[in-house]
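Participant: I'm passing along input-v9.cif; it holds mmCIF, C-alpha atoms.
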data_model
loop_
_atom_site.label_atom_id
_atom_site.label_comp_id
_atom_site.auth_asym_id
_atom_site.auth_seq_id
_atom_site.Cartn_x
_atom_site.Cartn_y
_atom_site.Cartn_z
CA MET G 1 29.59 9.26 -5.65
CA LYS G 2 27.15 11.75 -7.15
CA ASN G 3 26.34 9.26 -9.92
CA ILE G 4 25.72 6.44 -7.45
CA LEU G 5 23.41 8.70 -5.45
CA SER G 6 21.59 9.66 -8.63
CA ILE G 7 21.07 6.00 -9.57
CA ILE G 8 19.77 5.19 -6.09
CA ILE G 9 17.40 8.14 -6.24
CA LEU G 10 16.21 7.07 -9.69
CA LEU G 11 15.63 3.53 -8.48
CA VAL G 12 13.59 4.47 -5.46
CA TRP G 13 11.72 7.44 -6.90
CA PRO G 14 8.45 5.64 -7.54
CA PHE G 15 8.12 4.72 -3.86
CA TYR G 16 7.43 8.35 -3.12
CA SER G 17 4.51 8.43 -5.46
CA PHE G 18 2.26 6.15 -3.48
CA SER G 19 3.73 6.22 -0.02
CA HIS G 20 2.46 7.95 3.05
CA PRO G 21 4.50 9.56 5.87
CA SER G 22 3.46 6.54 7.92
CA SER G 23 2.30 3.15 6.65
CA TYR G 24 1.17 0.05 8.54
CA GLU G 25 2.61 -1.06 11.88
CA GLY G 26 6.18 -2.27 11.39
CA GLY G 27 6.29 -1.07 7.79
CA ILE G 28 9.48 0.26 6.19
CA ASP G 29 9.33 2.51 3.13
CA LEU G 30 12.11 3.82 0.96
CA MET G 31 11.03 6.78 -1.12
CA GLY G 32 12.66 9.11 -3.55
CA VAL G 33 12.15 11.94 -5.98
CA SER G 34 14.41 12.58 -8.92
CA HIS G 35 14.01 15.73 -10.98
CA GLU G 36 16.54 18.23 -12.22
CA LYS G 37 15.11 20.81 -9.80
CA PHE G 38 14.44 18.64 -6.79
CA GLN G 39 15.96 15.45 -5.42
CA ASN G 40 14.86 13.62 -2.34
CA LEU G 41 15.64 10.33 -0.61
CA GLU G 42 13.56 9.26 2.36
CA LEU G 43 13.60 6.20 4.62
CA VAL G 44 10.58 5.80 6.90
CA TYR G 45 9.87 3.30 9.65
CA SER G 46 6.34 3.18 11.07
CA PRO G 47 6.15 1.82 14.64
CA LYS G 48 2.41 2.47 14.46
CA TYR G 49 0.14 3.01 11.48
CA TRP G 50 -0.41 6.60 12.65
CA LEU G 51 3.26 7.39 13.26
CA GLY G 52 6.19 7.42 10.86
CA THR G 53 9.80 8.21 11.74
CA GLY G 54 11.88 9.22 8.79
CA LEU G 55 15.37 10.18 7.70
CA ILE G 56 15.35 12.55 4.75
CA ALA G 57 18.14 13.76 2.49
CA GLU G 58 17.13 16.30 -0.14
CA ARG G 59 18.55 19.02 -2.28
CA ARG G 60 18.13 21.36 -5.18
CA PRO G 61 21.42 21.46 -7.03
CA ASP G 62 23.30 24.76 -6.54
CA LEU G 63 20.63 26.25 -4.24
CA TRP G 64 20.37 24.19 -1.05
CA GLU G 65 20.75 20.75 0.52
CA SER G 66 19.68 19.25 3.83
CA THR G 67 19.48 16.12 5.95
CA SER G 68 16.74 15.91 8.53
CA LEU G 69 14.64 13.70 10.73
CA GLN G 70 10.91 13.74 10.30
CA ILE G 71 7.99 12.64 12.43
CA GLY G 72 4.90 11.99 10.33
CA TYR G 73 1.74 12.00 12.41
CA LEU G 74 -1.56 10.82 10.99
CA ALA G 75 -3.86 13.47 12.42
CA LYS G 76 -7.02 12.16 10.82
CA ARG G 77 -8.05 9.20 8.69
CA TRP G 78 -11.38 8.70 6.99
CA ASN G 79 -12.03 5.02 6.23
CA LEU G 80 -15.01 4.83 3.91
CA PRO G 81 -16.54 1.69 2.36
CA ALA G 82 -14.54 2.07 -0.87
CA ALA G 83 -12.23 5.00 -0.18
CA GLN G 84 -9.71 6.41 2.24
CA GLY G 85 -8.72 9.97 3.15
CA ASN G 86 -5.75 11.02 5.28
CA LEU G 87 -4.38 14.15 6.87
CA TYR G 88 -0.77 14.12 8.09
CA LEU G 89 1.31 16.63 10.04
CA LEU G 90 5.07 16.60 9.48
CA ALA G 91 7.87 18.06 11.60
CA GLY G 92 11.50 17.47 12.51
CA PRO G 93 14.98 18.90 13.04
CA GLY G 94 17.86 18.78 10.58
CA TYR G 95 21.05 20.27 9.28
CA GLY G 96 21.42 22.07 5.99
CA THR G 97 23.18 24.46 3.66
CA LYS G 98 21.83 27.31 1.61
CA TYR G 99 24.03 28.49 -1.26
CA LEU G 100 24.09 32.25 -1.87
CA ALA G 101 25.53 34.44 -4.61
CA ASN G 102 29.31 34.92 -4.93
CA GLU G 103 29.96 31.37 -3.70
CA LYS G 104 28.82 32.24 -0.19
CA LYS G 105 26.75 29.80 1.82
CA ILE G 106 25.01 29.39 5.17
CA THR G 107 25.20 26.07 7.01
CA ASP G 108 23.20 25.63 10.19
CA ILE G 109 20.62 23.65 12.15
CA LEU G 110 17.17 23.76 10.59
CA TYR G 111 13.63 22.62 11.19
CA ARG G 112 11.12 21.32 8.73
CA LEU G 113 7.33 21.54 8.85
CA GLY G 114 4.69 20.17 6.56
CA ILE G 115 1.14 19.09 5.99
CA GLN G 116 -0.14 16.40 3.64
CA GLY G 117 -3.60 15.33 2.61
CA ASP G 118 -4.81 12.64 0.25
CA PHE G 119 -8.04 11.01 -0.79
CA GLU G 120 -8.29 7.94 -2.97
CA THR G 121 -10.69 5.39 -4.28
CA ARG G 122 -9.72 2.51 -6.53
CA ARG G 123 -10.34 4.83 -9.50
CA ILE G 124 -9.48 8.34 -8.35
CA TYR G 125 -6.39 9.62 -6.57
CA THR G 126 -5.85 13.12 -5.20
CA PHE G 127 -2.89 14.36 -3.18
CA ALA G 128 -1.57 17.65 -1.76
CA LYS G 129 1.60 18.22 0.24
CA TYR G 130 3.29 21.36 1.49
CA THR G 131 6.70 21.36 3.21
CA GLU G 132 9.15 24.06 4.19
CA GLN G 133 12.55 24.19 5.85
CA ARG G 134 13.91 27.12 7.84
CA PHE G 135 17.09 27.77 9.75
CA PHE G 136 16.47 27.36 13.45
CA ASP G 137 18.20 30.55 14.70
CA SER G 138 17.35 33.07 12.01
CA ASN G 139 14.03 31.53 10.90
CA GLU G 140 15.18 32.22 7.34
CA LEU G 141 13.44 30.14 4.68
CA ILE G 142 15.69 27.58 2.97
CA ASN G 143 13.06 26.13 0.66
CA ASN G 144 9.40 25.38 0.36
CA ARG G 145 7.48 23.10 -1.94
CA LEU G 146 3.85 22.41 -2.75
CA GLU G 147 2.91 19.35 -4.75
CA LEU G 148 -0.53 18.52 -6.09
CA ARG G 149 -1.48 15.30 -7.85
CA VAL G 150 -4.60 14.03 -9.43
CA GLY G 151 -4.80 10.55 -10.90
CA TYR G 152 -7.20 8.20 -12.62
CA ALA G 153 -7.14 4.42 -12.99
CA PRO G 154 -8.69 3.46 -16.34
CA TYR G 155 -9.52 -0.04 -15.03
CA LEU G 156 -9.61 -1.87 -11.70
CA ALA G 157 -7.01 -4.47 -10.82
CA GLU G 158 -5.91 -6.59 -7.91
CA PHE G 159 -2.44 -6.54 -6.34
CA THR G 160 -1.54 -9.61 -8.42
CA GLU G 161 -2.61 -7.95 -11.67
CA LEU G 162 -1.17 -5.09 -13.69
CA ASN G 163 -2.27 -1.75 -12.20
CA SER G 164 -2.22 1.43 -14.29
CA TRP G 165 -2.65 5.05 -13.33
CA LEU G 166 -2.63 8.29 -15.31
CA ILE G 167 -1.38 11.03 -13.01
CA LEU G 168 -0.85 14.76 -13.43
CA LYS G 169 1.67 16.15 -10.95
CA THR G 170 2.03 19.87 -10.34
CA VAL G 171 4.97 21.05 -8.25
CA PHE G 172 5.50 24.61 -7.00
CA LEU G 173 9.01 25.48 -5.86
CA ARG G 174 10.86 28.53 -4.47
CA ASP G 175 7.89 30.40 -3.05
CA PHE G 176 5.75 29.46 -6.07
CA LYS G 177 8.24 31.03 -8.53
CA ASP G 178 8.84 27.70 -10.28
CA THR G 179 5.96 25.53 -11.44
CA ILE G 180 6.48 22.09 -12.99
CA TYR G 181 3.77 19.99 -14.62
CA ILE G 182 4.52 16.30 -15.09
CA PRO G 183 1.96 14.07 -16.82
CA THR G 184 2.86 10.56 -15.72
CA VAL G 185 1.88 6.99 -16.53
CA ARG G 186 2.39 4.54 -13.70
CA LEU G 187 2.28 0.77 -14.11
CA PHE G 188 2.80 -1.67 -11.29
CA TYR G 189 2.48 -5.39 -10.89
CA LYS G 190 2.97 -6.88 -7.43
CA ASN G 191 6.23 -5.34 -6.20
CA PHE G 192 7.47 -4.19 -9.59
CA LEU G 193 6.76 -0.70 -10.81
CA VAL G 194 7.67 1.39 -13.81
CA GLU G 195 6.75 5.04 -14.32
CA PHE G 196 7.07 7.23 -17.40
CA GLY G 197 6.68 11.01 -17.29
CA VAL G 198 7.61 14.07 -19.32
CA ASP G 199 7.40 17.59 -17.97
CA LEU G 200 6.15 20.41 -20.17
CA ASN G 201 9.70 21.46 -21.00
CA GLY G 202 10.30 18.05 -22.52
CA GLY G 203 12.32 16.63 -19.67
CA PRO G 204 11.71 12.87 -19.73
CA GLN G 205 11.40 10.67 -16.69
CA LEU G 206 11.80 6.92 -16.59
CA ASN G 207 11.45 5.31 -13.20
CA PHE G 208 11.26 1.75 -12.02
CA MET G 209 11.14 -0.11 -8.74
CA VAL G 210 11.60 -3.53 -7.25
CA ARG G 211 10.26 -3.74 -3.75
CA HIS G 212 11.62 -6.33 -1.31
CA MET S 1 -48.22 -72.63 -6.34
CA LYS S 2 -44.93 -74.40 -5.74
CA HIS S 3 -43.47 -72.63 -8.74
CA ILE S 4 -44.68 -69.27 -7.50
CA ILE S 5 -43.04 -69.81 -4.08
CA ILE S 6 -39.75 -70.83 -5.72
CA LEU S 7 -39.90 -67.80 -8.00
CA LEU S 8 -40.61 -65.43 -5.09
CA PHE S 9 -37.74 -66.93 -3.06
CA PHE S 10 -35.41 -66.55 -6.02
CA LEU S 11 -36.42 -62.95 -6.63
CA ASN S 12 -36.14 -62.08 -2.92
CA THR S 13 -32.63 -63.50 -2.73
CA ASN S 14 -31.58 -61.52 -5.76
CA PHE S 15 -33.07 -58.29 -4.36
CA GLU S 16 -31.20 -58.78 -1.09
CA LEU S 17 -27.94 -59.31 -2.95
CA ALA S 18 -28.51 -56.27 -5.16
CA PHE S 19 -29.53 -54.07 -2.20
CA SER S 20 -26.62 -55.16 -0.02
CA LYS S 21 -24.22 -54.26 -2.83
CA GLU S 22 -25.73 -50.81 -3.09
CA VAL S 23 -25.60 -49.82 0.58
CA GLN S 24 -22.40 -51.48 1.66
CA PRO S 25 -19.66 -48.85 1.98
CA ASN S 26 -16.34 -49.52 0.36
CA LYS S 27 -14.14 -50.07 3.40
CA SER S 28 -10.89 -49.51 1.50
CA GLU S 29 -11.90 -45.97 0.35
CA PRO S 30 -13.94 -44.22 3.04
CA LYS S 31 -15.84 -41.23 1.66
CA VAL S 32 -15.13 -38.14 3.84
CA VAL S 33 -16.40 -34.66 2.90
CA LYS S 34 -14.21 -31.86 4.27
CA SER S 35 -15.52 -28.32 4.47
CA GLU S 36 -13.04 -25.39 4.43
CA ASN S 37 -12.64 -23.47 7.66
CA ILE S 38 -13.12 -19.91 6.42
CA LYS S 39 -13.78 -16.71 8.34
CA LYS S 40 -14.61 -13.51 6.48
CA ILE S 41 -13.92 -10.03 7.83
CA LYS S 42 -15.66 -6.96 6.46
CA VAL S 43 -13.54 -3.77 6.62
CA HIS S 44 -13.63 -0.17 5.43
CA GLY S 45 -10.77 1.92 4.08
CA MET S 46 -9.05 -0.51 1.71
CA ALA S 47 -8.57 1.75 -1.31
CA CYS S 48 -5.45 0.49 -3.05
CA PRO S 49 -3.86 -2.83 -4.03
CA LEU S 50 -1.02 -2.15 -1.57
CA CYS S 51 -3.57 -2.26 1.28
CA GLN S 52 -4.58 -5.67 -0.07
CA SER S 53 -0.98 -6.86 0.00
CA LYS S 54 -0.39 -5.51 3.52
CA ALA S 55 -3.55 -7.19 4.83
CA GLU S 56 -2.56 -10.53 3.32
CA LYS S 57 0.93 -10.26 4.79
CA LYS S 58 -0.24 -9.34 8.30
CA PHE S 59 -2.90 -12.06 8.54
CA ARG S 60 -0.56 -14.73 7.18
CA GLU S 61 1.65 -14.09 10.23
CA ILE S 62 -1.06 -15.57 12.50
CA SER S 63 -0.28 -19.23 13.18
CA SER S 64 -3.88 -20.48 12.84
CA VAL S 65 -4.23 -18.93 9.36
CA LYS S 66 -3.46 -21.20 6.42
CA SER S 67 -4.09 -18.68 3.64
CA VAL S 68 -5.62 -15.25 3.09
CA HIS S 69 -7.68 -13.83 0.26
CA VAL S 70 -8.65 -10.17 0.00
CA ASP S 71 -11.63 -9.14 -2.11
CA MET S 72 -11.19 -5.44 -2.85
CA GLU S 73 -14.57 -5.22 -4.53
CA LYS S 74 -16.50 -6.46 -1.50
CA MET S 75 -14.00 -5.16 1.10
CA LEU S 76 -13.73 -8.68 2.52
CA ILE S 77 -10.69 -10.37 4.02
CA SER S 78 -11.18 -14.15 3.93
CA LEU S 79 -9.08 -16.21 6.32
CA ASN S 80 -8.70 -19.88 5.47
CA LEU S 81 -7.97 -21.34 8.91
CA LYS S 82 -6.13 -24.55 9.67
CA GLU S 83 -8.27 -27.63 10.35
CA GLY S 84 -9.97 -27.33 13.73
CA ALA S 85 -8.59 -23.84 14.35
CA ASP S 86 -10.62 -20.78 15.18
CA ILE S 87 -9.81 -17.08 15.45
CA SER S 88 -11.54 -14.71 17.83
CA LYS S 89 -12.55 -11.12 17.23
CA ASP S 90 -10.02 -10.13 19.91
CA LYS S 91 -7.25 -11.51 17.70
CA ILE S 92 -8.60 -9.94 14.53
CA LEU S 93 -9.10 -6.39 15.83
CA PRO S 94 -5.41 -5.59 16.62
CA VAL S 95 -4.39 -6.71 13.12
CA ILE S 96 -7.05 -4.54 11.48
CA GLU S 97 -5.97 -1.68 13.77
CA SER S 98 -2.29 -2.10 12.84
CA LEU S 99 -3.26 -1.82 9.17
CA GLY S 100 -5.09 1.43 9.81
CA LEU S 101 -8.38 0.01 8.54
CA THR S 102 -11.82 0.10 10.15
CA PHE S 103 -13.33 -3.18 11.34
CA VAL S 104 -17.00 -3.62 10.37
CA LYS S 105 -17.98 -7.22 11.20
CA VAL S 106 -17.03 -10.88 11.05
CA ILE S 107 -19.07 -13.05 8.68
CA ASP S 108 -18.94 -16.78 9.59
#
Taking this structure as input, can you express it in the form of structure tokens?

Facilitator:
Amino acid sequence: MKNILSIIILLVWPFYSFSHPSSYEGGIDLMGVSHEKFQNLELVYSPKYWLGTGLIAERRPDLWESTSLQIGYLAKRWNLPAAQGNLYLLAGPGYGTKYLANEKKITDILYRLGIQGDFETRRIYTFAKYTEQRFFDSNELINNRLELRVGYAPYLAEFTELNSWLILKTVFLRDFKDTIYIPTVRLFYKNFLVEFGVDLNGGPQLNFMVRH
Amino acid sequence: MKHIIILLFFLNTNFELAFSKEVQPNKSEPKVVKSENIKKIKVHGMACPLCQSKAEKKFREISSVKSVHVDMEKMLISLNLKEGADISKDKILPVIESLGLTFVKVID
């Protein structure tokens, strides 16, 4: 079961890289993240372009895991002649487990909060997202995560042509105690995407996607 | 003089024949020039190829639209409408809104 979940996460991981917490009206997005220190699977339906309703399952092996609902609200969008900027607010309830020392654990209702901003042209891509989850009763922090991305497209392409991006991802985990840098090459053509990345510890990443 | 009149008559007849051949339309193959029924929409906010794909998909759902072309460089969405069909601004605006883009103007 774990292996099947891992394969699904690997298959859908690239969705996460260019998806927003809400997309266009009626849009459905499946997103995922697969890394040894963080795994995430997210299904989002957008009844409006400014509102996304999501179901999220995520975990860090041996430290915590959770399943939660998320409302993604587009608080502000800047539509410029050749660029777009977005600011999203994220919130929702959930249920999760935090694993402690000596095989102890806490399982309880939680809430998640977050904020996400991005700005992109056809050449430049910037992204920042902060999320945290806390137990509802005790307000104890389960996890938090900050991710920054900056990307560059070496050439311009249409949807029906091969698109390429060079992206540097920086992820801060566990109250900024863990920092991961992942230089990534992304290629996509129509609904097919493949992504190669290696973090600075040598951990390779190979991702691909077929979008229906 | 008689010869001149005969010559002029002969030439005139030949001119008439030649002219009538030139102007008479070929009834079996009528020549009709059709112009494409295209409406262009200028927008702001289209920054990625996925926006292009979404816009094409959404506009193709409109029954009067035959095909859609999105020019990312010029930020133009070109709607190739069915013969005799038209599309009003009132029909275009909700689609642009649902895509999260900003409508600028319609170029006929």

Participant: Just need the residues of chain S within 10 Å of chain G, counting only C-alpha atoms, so spit them out as a VMD selection string.

Facilitator: chain S and resid 42 to 55 58 70 to 75 95 to 104

Participant: To one decimal place in Å, what is the distance between atom CA of Phe59 of chain S and atom CA of Glu36 of chain S?

Facilitator: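 Separation of atom CA of Phe59 of chain S and atom CA of Glu36 of chain S: 17.2 Å.
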
Participant: Rounded to one decimal, what separation in Å do you get between atom CA of Lys37 of chain G and atom CA of Phe172 of chain G?

Facilitator: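 These two atoms are separated by 10.7 Å.
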
Participant: G:Leu63, G:Val185, G:Val198, G:Ile106: which is nearest Leu173 of chain G, counting all atoms listed in the file?

Facilitator: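 So, comparing all the options, the nearest one is G:Leu63.
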
Participant: Within 7 Å of segment 110-115 of chain G, counting all atoms listed in the file, which residues qualify if same-chain residues fewer than 6 places away don't, as a ChimeraX atom specification?

Facilitator: /G:88-96,129-136

Participant: In Å, rounded to a single decimal, give me how far atom CA of Arg60 of chain G is from atom CA of His35 of chain G.

Facilitator: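 Computing it gives 9.1 Å between the two atoms.
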
Participant: Tell me which protein, DNA and RNA residues are within 12 Å of Phe38 of chain G, counting all atoms listed in the file, leaving out same-chain ones fewer than 2 positions away, and put them as a count of residues only.

Facilitator: 32

Participant: Can you tell me which residues surround Ser78 of chain S at a distance of at most 6 Å, considering all atoms listed in the file, apart from same-chain residues fewer than 6 positions away, and format the answer as a compact mmCIF listing (two decimals) with C-alpha atoms, keeping the file's coordinate frame?

Facilitator:
# COMPACT_ATOMS: atom_id res chain seq x y z
CA LYS S 39 -13.78 -16.71 8.34
CA LYS S 40 -14.61 -13.51 6.48
CA VAL S 68 -5.62 -15.25 3.09
CA HIS S 69 -7.68 -13.83 0.26

Participant: Step by step, work through what the PyMOL selection byres ((chain G and resi 187) around 10) selects in the shown file, and finish by giving those residues as a PyMOL selection string.

Facilitator: chain G and resi 162-166+184-186+188-189+192-196+208

Participant: With all atoms listed in the file as the counted atoms, please give the residues lying no more than 12 Å from Gly84 of chain S, apart from itself and same-chain residues fewer than 2 positions off, as a list of chain:residue names.

Facilitator: S:Lys34, S:Ser35, S:Glu36, S:Asn37, S:Ile38, S:Ser64, S:Val65, S:Lys66, S:Asn80, S:Leu81, S:Lys82, S:Asp86, S:Ile87

Participant: Counting all atoms listed in the file, what is within 7 Å of Gly52 of chain G, bar same-chain residues fewer than 3 positions away, as a PyMOL selection string?

Facilitator: chain G and resi 21-22+44-47+71-73
